[in-house]
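Colleague: For reference, the structure I am asking about is given below.
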Amino acid sequence: MNKPYNSRDWMSHPAYLHAPYKSTVLRSPTKPLIPLKQTLSERTGPVYGHEKVGVLDSDLTKNGAKNGEPLGERIIVTGRVLDEDGRPVRNTLVEVWQANAAGRYIHKVDQHNAPLDPNFFGGGRCVTDDEGRYTFRTIKPGAYPWGNHFNAWRPNHIHFSLLGPSIATRLVTQMYFPGDPLLDLDPIYLGTPAEARERLISKFAIDVTEPDFALGYIFDIVLRGRNETPMED
């Protein structure tokens with residue numbers, strides 16, 4: 001029998017309402033949440049088709065190419081998905097999406113006056129292996145303005161979505177880069193509890209770097225426990 005999933009531990013995660021992040025003022029609940037009983041559909045489905053992940057789905061330097069290479073700094077992002085005891089979480093679908101090197105998404109809502117890259121799709125996915133490891137090849141995303149306040153810019157970041165065995169287990173987070181000066185000015189990053197923010201920052205790793213191709217970064221994702229990775233509201 002499938003047991004209900006545990007509720008979120010807010011000690012490591014951003015609150016629904018963080019006033020400097022203006023859209024949370026409009027969308028956050030104004031009354032206490034009402035827990036709903038989890039039914040069989042929330043605990044067992046849907047199935048996301050892990051077996052349909054293609055060989056280029058995890059290579060963003062190739063999966064959107066039409067007539068050449070995407071522009072920008074090539075990087076490799078890898079890490080492990082772990083449970084609270086440090087054990088690997090196998091066969092988990094990991095999705096990423098991001099802006100291109102100029103800081104623009106391929107989306108009709110994004111009207112930032114920056115060029116689109118015809119050879120960069122900006123999305124990818126893979127399934128964790130027996131060690132819980134995922135790996136993406138991509139382009140380092142650019143910063144972009146986002147209108148939250150005067151002269152507001154989002155730090156370079158990559159969005160991650162992890163899909164477990166059911167819709168109730170989906171988790172979403174963001175990965176940042178070390179040394180980014182915009183982190184100290186970003187309300188989304190600062191909305192995360194101070195003791196947990198560093199878990200959102202990847203680590204440069206020379207041993208992950210591929211000579212003559214791309215620099216490497218490590219970003220481990222911990223699902224539960226004292227070291228769990230903060231997830232988005």
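The way I read the labels, and the way they are meant: chains A, B, ... in the order of the structure tokens, residue 1 as the first residue of every chain, and ligand 1 as the first ligand shown, with later ones counted on from there.
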Please list as a ChimeraX atom specification every residue within 12 Å of segment 207-209 of chain A, counting only C-alpha atoms and excluding residues in the same chain fewer than 6 positions away.

Modeller: /A:74-79,135-137,215-219

Colleague: Let me see the file: selected residues, N, CA, C and O atoms, as a PDB file, in the first residue's frame.

Modeller:
```pdb
ATOM      1  N   ARG A  74      30.497  27.155 -22.936  1.00  0.00           N
ATOM      2  CA  ARG A  74      30.006  25.789 -22.721  1.00  0.00           C
ATOM      3  C   ARG A  74      30.385  25.308 -21.323  1.00  0.00           C
ATOM      4  O   ARG A  74      31.508  25.531 -20.861  1.00  0.00           O
ATOM      5  N   ILE A  75      29.448  24.644 -20.669  1.00  0.00           N
ATOM      6  CA  ILE A  75      29.681  24.120 -19.329  1.00  0.00           C
ATOM      7  C   ILE A  75      29.096  22.716 -19.209  1.00  0.00           C
ATOM      8  O   ILE A  75      28.231  22.324 -19.995  1.00  0.00           O
ATOM      9  N   ILE A  76      29.595  21.986 -18.226  1.00  0.00           N
ATOM     10  CA  ILE A  76      29.050  20.682 -17.853  1.00  0.00           C
ATOM     11  C   ILE A  76      28.555  20.800 -16.420  1.00  0.00           C
ATOM     12  O   ILE A  76      29.280  21.251 -15.538  1.00  0.00           O
ATOM     13  N   VAL A  77      27.310  20.432 -16.197  1.00  0.00           N
ATOM     14  CA  VAL A  77      26.724  20.453 -14.855  1.00  0.00           C
ATOM     15  C   VAL A  77      26.366  19.021 -14.484  1.00  0.00           C
ATOM     16  O   VAL A  77      25.622  18.352 -15.202  1.00  0.00           O
ATOM     17  N   THR A  78      26.918  18.554 -13.375  1.00  0.00           N
ATOM     18  CA  THR A  78      26.649  17.194 -12.939  1.00  0.00           C
ATOM     19  C   THR A  78      26.468  17.170 -11.431  1.00  0.00           C
ATOM     20  O   THR A  78      26.837  18.118 -10.721  1.00  0.00           O
ATOM     21  N   GLY A  79      25.910  16.103 -10.929  1.00  0.00           N
ATOM     22  CA  GLY A  79      25.706  15.969  -9.492  1.00  0.00           C
ATOM     23  C   GLY A  79      24.917  14.718  -9.201  1.00  0.00           C
ATOM     24  O   GLY A  79      24.577  13.945 -10.111  1.00  0.00           O
ATOM     25  N   THR A 135      23.903  14.275 -15.554  1.00  0.00           N
ATOM     26  CA  THR A 135      24.898  15.119 -16.213  1.00  0.00           C
ATOM     27  C   THR A 135      24.242  15.856 -17.382  1.00  0.00           C
ATOM     28  O   THR A 135      23.532  15.239 -18.184  1.00  0.00           O
ATOM     29  N   PHE A 136      24.495  17.169 -17.455  1.00  0.00           N
ATOM     30  CA  PHE A 136      24.026  17.980 -18.576  1.00  0.00           C
ATOM     31  C   PHE A 136      25.211  18.733 -19.185  1.00  0.00           C
ATOM     32  O   PHE A 136      26.079  19.236 -18.458  1.00  0.00           O
ATOM     33  N   ARG A 137      25.220  18.828 -20.491  1.00  0.00           N
ATOM     34  CA  ARG A 137      26.111  19.727 -21.212  1.00  0.00           C
ATOM     35  C   ARG A 137      25.259  20.887 -21.712  1.00  0.00           C
ATOM     36  O   ARG A 137      24.218  20.674 -22.330  1.00  0.00           O
ATOM     37  N   LEU A 215      33.915  24.025 -19.108  1.00  0.00           N
ATOM     38  CA  LEU A 215      34.191  24.032 -17.671  1.00  0.00           C
ATOM     39  C   LEU A 215      33.140  23.188 -16.953  1.00  0.00           C
ATOM     40  O   LEU A 215      32.030  22.970 -17.463  1.00  0.00           O
ATOM     41  N   GLY A 216      33.480  22.721 -15.745  1.00  0.00           N
ATOM     42  CA  GLY A 216      32.589  21.814 -15.035  1.00  0.00           C
ATOM     43  C   GLY A 216      32.132  22.336 -13.687  1.00  0.00           C
ATOM     44  O   GLY A 216      32.889  22.995 -12.970  1.00  0.00           O
ATOM     45  N   TYR A 217      30.873  22.023 -13.345  1.00  0.00           N
ATOM     46  CA  TYR A 217      30.279  22.416 -12.062  1.00  0.00           C
ATOM     47  C   TYR A 217      29.539  21.227 -11.460  1.00  0.00           C
ATOM     48  O   TYR A 217      28.955  20.411 -12.184  1.00  0.00           O
ATOM     49  N   ILE A 218      29.568  21.143 -10.132  1.00  0.00           N
ATOM     50  CA  ILE A 218      28.867  20.079  -9.410  1.00  0.00           C
ATOM     51  C   ILE A 218      27.726  20.694  -8.606  1.00  0.00           C
ATOM     52  O   ILE A 218      27.914  21.694  -7.909  1.00  0.00           O
ATOM     53  N   PHE A 219      26.560  20.085  -8.704  1.00  0.00           N
ATOM     54  CA  PHE A 219      25.393  20.540  -7.951  1.00  0.00           C
ATOM     55  C   PHE A 219      24.628  19.312  -7.473  1.00  0.00           C
ATOM     56  O   PHE A 219      23.863  18.698  -8.211  1.00  0.00           O
TER      57      PHE A 219
END
```

Colleague: Can you list, as a PyMOL selection string, every residue of segment 11-165 of chain A that DSSP puts in alpha helix (DSSP H)?

Modeller: chain A and resi 22-27+40-44

Colleague: Output the selection as an mmCIF file, in the first residue's frame - N, CA, C and O atoms for each residue.

Modeller:
```cif
data_model
loop_
_atom_site.group_PDB
_atom_site.id
_atom_site.type_symbol
_atom_site.label_atom_id
_atom_site.label_comp_id
_atom_site.auth_asym_id
_atom_site.auth_seq_id
_atom_site.Cartn_x
_atom_site.Cartn_y
_atom_site.Cartn_z
ATOM 1 N N LYS A 22 8.176 40.568 -5.212
ATOM 2 C CA LYS A 22 6.861 41.201 -5.256
ATOM 3 C C LYS A 22 5.729 40.273 -5.678
ATOM 4 O O LYS A 22 4.603 40.405 -5.186
ATOM 5 N N SER A 23 5.973 39.344 -6.585
ATOM 6 C CA SER A 23 4.869 38.505 -7.040
ATOM 7 C C SER A 23 4.361 37.574 -5.944
ATOM 8 O O SER A 23 3.217 37.113 -5.996
ATOM 9 N N THR A 24 5.180 37.307 -4.904
ATOM 10 C CA THR A 24 4.692 36.459 -3.815
ATOM 11 C C THR A 24 3.618 37.170 -3.005
ATOM 12 O O THR A 24 2.771 36.532 -2.389
ATOM 13 N N VAL A 25 3.646 38.494 -3.006
ATOM 14 C CA VAL A 25 2.612 39.248 -2.296
ATOM 15 C C VAL A 25 1.251 39.011 -2.939
ATOM 16 O O VAL A 25 0.224 38.944 -2.265
ATOM 17 N N LEU A 26 1.241 38.844 -4.244
ATOM 18 C CA LEU A 26 -0.008 38.648 -4.976
ATOM 19 C C LEU A 26 -0.476 37.201 -4.960
ATOM 20 O O LEU A 26 -1.679 36.939 -4.979
ATOM 21 N N ARG A 27 0.459 36.252 -4.933
ATOM 22 C CA ARG A 27 0.062 34.855 -5.098
ATOM 23 C C ARG A 27 0.099 34.024 -3.828
ATOM 24 O O ARG A 27 -0.385 32.889 -3.826
ATOM 25 N N LEU A 40 -5.046 7.720 -4.406
ATOM 26 C CA LEU A 40 -4.174 6.813 -5.149
ATOM 27 C C LEU A 40 -3.532 7.514 -6.346
ATOM 28 O O LEU A 40 -2.379 7.252 -6.689
ATOM 29 N N SER A 41 -4.252 8.449 -6.967
ATOM 30 C CA SER A 41 -3.711 9.122 -8.152
ATOM 31 C C SER A 41 -2.526 10.008 -7.800
ATOM 32 O O SER A 41 -1.584 10.125 -8.580
ATOM 33 N N GLU A 42 -2.527 10.667 -6.639
ATOM 34 C CA GLU A 42 -1.387 11.486 -6.227
ATOM 35 C C GLU A 42 -0.202 10.639 -5.801
ATOM 36 O O GLU A 42 0.950 11.061 -5.920
ATOM 37 N N ARG A 43 -0.470 9.419 -5.308
ATOM 38 C CA ARG A 43 0.611 8.588 -4.771
ATOM 39 C C ARG A 43 1.228 7.654 -5.796
ATOM 40 O O ARG A 43 2.293 7.095 -5.555
ATOM 41 N N THR A 44 0.590 7.477 -6.938
ATOM 42 C CA THR A 44 1.085 6.482 -7.889
ATOM 43 C C THR A 44 1.267 7.008 -9.308
ATOM 44 O O THR A 44 1.882 6.338 -10.132
#
```

Colleague: Here is a test: counting only C-alpha atoms, which residue of A:Leu171, A:Val55, A:Leu93, A:Ala205 is nearest to Leu223 of chain A?

Modeller: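 Smallest separation from Leu223 of chain A among the options: A:Leu171.
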
Colleague: Can you list, as number ranges by chain, every residue of segment 5-223 of chain A that DSSP puts in strand (DSSP E)?

Modeller: A: 74-82, 93-97, 123-127, 133-139, 144-145, 153-154, 157-163, 171-176, 203-204, 215-218, 221-222

Colleague: Write out as a VMD selection string the residues lying within 12 Å of Gly191 of chain A, counting only C-alpha atoms and excluding same-chain residues fewer than 3 positions away.

Modeller: chain A and resid 12 to 22 24 183 to 188 194 to 197 230 to 233

Colleague: Please save N, CA, C and O atoms of the selected residues as a tab-separated table (two decimals), in the first residue's frame.

Modeller:
```
chain	number	residue	atom	x	y	z
A	12	SER	N	14.25	24.80	5.63
A	12	SER	CA	15.24	24.97	4.58
A	12	SER	C	14.68	25.63	3.33
A	12	SER	O	15.43	25.87	2.38
A	13	HIS	N	13.40	25.93	3.30
A	13	HIS	CA	12.77	26.39	2.08
A	13	HIS	C	12.23	27.81	2.22
A	13	HIS	O	11.91	28.27	3.32
A	14	PRO	N	12.13	28.53	1.09
A	14	PRO	CA	11.57	29.89	1.15
A	14	PRO	C	10.11	29.88	1.55
A	14	PRO	O	9.38	28.93	1.24
A	15	ALA	N	9.69	30.91	2.22
A	15	ALA	CA	8.29	31.04	2.61
A	15	ALA	C	7.45	31.39	1.40
A	15	ALA	O	7.95	31.88	0.38
A	16	TYR	N	6.15	31.13	1.50
A	16	TYR	CA	5.24	31.51	0.40
A	16	TYR	C	5.27	33.02	0.18
A	16	TYR	O	5.17	33.49	-0.95
A	17	LEU	N	5.39	33.78	1.26
A	17	LEU	CA	5.37	35.23	1.17
A	17	LEU	C	6.73	35.79	1.57
A	17	LEU	O	7.20	35.59	2.69
A	18	HIS	N	7.37	36.48	0.62
A	18	HIS	CA	8.63	37.18	0.88
A	18	HIS	C	8.49	38.53	0.19
A	18	HIS	O	8.65	38.65	-1.02
A	19	ALA	N	8.16	39.56	0.96
A	19	ALA	CA	7.74	40.85	0.41
A	19	ALA	C	8.68	41.44	-0.64
A	19	ALA	O	8.21	42.01	-1.63
A	20	PRO	N	10.02	41.36	-0.47
A	20	PRO	CA	10.89	41.90	-1.52
A	20	PRO	C	10.72	41.22	-2.88
A	20	PRO	O	11.04	41.81	-3.91
A	21	TYR	N	10.24	39.98	-2.89
A	21	TYR	CA	9.92	39.26	-4.13
A	21	TYR	C	8.45	39.54	-4.41
A	21	TYR	O	7.56	38.88	-3.90
A	22	LYS	N	8.18	40.57	-5.21
A	22	LYS	CA	6.86	41.20	-5.26
A	22	LYS	C	5.73	40.27	-5.68
A	22	LYS	O	4.60	40.41	-5.19
A	24	THR	N	5.18	37.31	-4.90
A	24	THR	CA	4.69	36.46	-3.81
A	24	THR	C	3.62	37.17	-3.00
A	24	THR	O	2.77	36.53	-2.39
A	183	LEU	N	23.94	37.75	-6.60
A	183	LEU	CA	23.28	36.95	-5.57
A	183	LEU	C	22.87	37.79	-4.36
A	183	LEU	O	21.78	37.63	-3.81
A	184	ASP	N	23.73	38.69	-3.96
A	184	ASP	CA	23.46	39.51	-2.77
A	184	ASP	C	22.39	40.57	-3.02
A	184	ASP	O	21.99	41.27	-2.09
A	185	LEU	N	21.92	40.67	-4.26
A	185	LEU	CA	20.90	41.66	-4.60
A	185	LEU	C	19.60	41.00	-5.05
A	185	LEU	O	18.63	41.71	-5.36
A	186	ASP	N	19.55	39.69	-5.07
A	186	ASP	CA	18.42	38.97	-5.66
A	186	ASP	C	17.39	38.56	-4.61
A	186	ASP	O	17.69	37.74	-3.74
A	187	PRO	N	16.15	39.09	-4.66
A	187	PRO	CA	15.15	38.75	-3.66
A	187	PRO	C	14.75	37.28	-3.64
A	187	PRO	O	14.37	36.75	-2.59
A	188	ILE	N	14.84	36.60	-4.79
A	188	ILE	CA	14.48	35.18	-4.82
A	188	ILE	C	15.51	34.37	-4.03
A	188	ILE	O	15.16	33.55	-3.17
A	194	ALA	N	18.78	31.87	5.44
A	194	ALA	CA	20.21	32.18	5.30
A	194	ALA	C	21.09	30.95	5.43
A	194	ALA	O	22.09	30.81	4.70
A	195	GLU	N	20.76	30.05	6.35
A	195	GLU	CA	21.62	28.90	6.58
A	195	GLU	C	21.55	27.87	5.45
A	195	GLU	O	22.36	26.94	5.40
A	196	ALA	N	20.59	28.03	4.55
A	196	ALA	CA	20.42	27.05	3.47
A	196	ALA	C	20.78	27.59	2.09
A	196	ALA	O	20.82	26.83	1.13
A	197	ARG	N	21.07	28.88	1.98
A	197	ARG	CA	21.28	29.49	0.66
A	197	ARG	C	22.46	28.89	-0.09
A	197	ARG	O	22.40	28.71	-1.31
A	230	PRO	N	17.09	23.61	-0.84
A	230	PRO	CA	15.88	24.44	-0.81
A	230	PRO	C	15.11	24.32	-2.14
A	230	PRO	O	15.71	24.32	-3.21
A	231	MET	N	13.81	24.21	-2.02
A	231	MET	CA	12.95	24.12	-3.19
A	231	MET	C	12.13	25.38	-3.32
A	231	MET	O	11.88	26.09	-2.33
A	232	GLU	N	11.67	25.68	-4.53
A	232	GLU	CA	10.93	26.91	-4.78
A	232	GLU	C	9.54	26.87	-4.16
A	232	GLU	O	8.96	25.80	-3.98
A	233	ASP	N	9.01	28.09	-3.90
A	233	ASP	CA	7.65	28.18	-3.38
A	233	ASP	C	6.66	28.04	-4.52
A	233	ASP	O	7.01	28.00	-5.67
```

Colleague: Suppose you want the space between atom CA of His107 of chain A and atom CA of Glu95 of chain A; what is it in Å?

Modeller: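 Atom-to-atom, atom CA of His107 of chain A to atom CA of Glu95 of chain A, that is 17.1 Å.
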
Colleague: Give me, as a PyMOL selection string, all polymer residues having an atom no more than 12 Å from Phe121 of chain A, counting only C-alpha atoms and skipping those fewer than 5 positions away in the same chain.

Modeller: chain A and resi 56-66+69-71+96-101+104-107+116+138-139

Colleague: Of the candidates A:Leu200, A:Ala143, A:Cys126, A:Met175, which one gets nearest to Asn91 of chain A if we count only C-alpha atoms?

Modeller: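 Checking each candidate against Asn91 of chain A, we get A:Cys126 as the closest.
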
Colleague: Which one of A:Lys31, A:His149, A:Arg133, A:Lys140 sits closest to Leu82 of chain A if you count only C-alpha atoms?

Modeller: A:Arg133

Colleague: Counting only C-alpha atoms, which residue out of A:Arg80, A:Arg125, A:Lys52, A:His112 sits closest to Trp153 of chain A?

Modeller: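 Looking at the shortest contact to Trp153 of chain A, the residue is A:His112.
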
Colleague: At a cut-off of 6 Å, using only C-alpha atoms, what residues contact Thr229 of chain A? Leave out same-chain residues fewer than 4 positions from it and give the result as an MDAnalysis selection string.

Modeller: chainID A and resid 199 221:222
